[in-house]
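Each remark here refers to the structure printed beneath this line.
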Amino acid sequence: MNETTGSPSAAEARELLAKAEAIGATSTNAAAWPVAVTFTSLAIIGSLLMIGMHIVLVTGYGAALLACSVGAWAAVTASIWPMFQRSTKAGYTKRFLTSLLAYFALYVVALAAGAILFQDGNLWFYLPAGIALAVVGLAAAFRELRA
């Protein structure tokens, strides 16, 4: 440290910057975990909802429960974005929204195709649709962890 000015030397400043960068990287990496868990839960619940849609179409009951679970799922997902917007790495909003839009676009396509093409249910359609939703959700989770 320079005694006259009270400021650190160039080497000390570089060392302090390296420490601060390491701490910052650790904190933003840790902040990615809740978002990754959110997308993992979306992968799980989305695939289960596809199977639930098949059951509703085959048996004719449970539609109200399915609608309530989709509403709760959308409410939780919508609340995640503002909670973590300031605590993650740069580009979080773009990553989160593109992953979320891709997931929901696939979900809407799967639901619409299933409701139009298979009005009485078809397990051979809903199982691959559930797997595709799980893959997209897990890919979004790993995308946030890698960022």
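Identifiers in this document derive from the order of the structure tokens: chains are assigned A, B, ..., residues are numbered from 1 separately in each chain, and ligands are numbered from 1 in order of occurrence.
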- prompt: Hey, what's within 7 Å of Tyr126 (chain A) if we count only C-alpha atoms and toss same-chain stuff fewer than 2 positions away? As an MDAnalysis selection string, please?
  reply: chainID A and resid 50:51 54 122:124 128:130
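Minimum atom-to-atom distances from A:Leu97, A:Leu49, A:Ala18, A:Leu106 to Val136 (chain A) were compared using only C-alpha atoms, and the lowest value belongs to A:Leu106.
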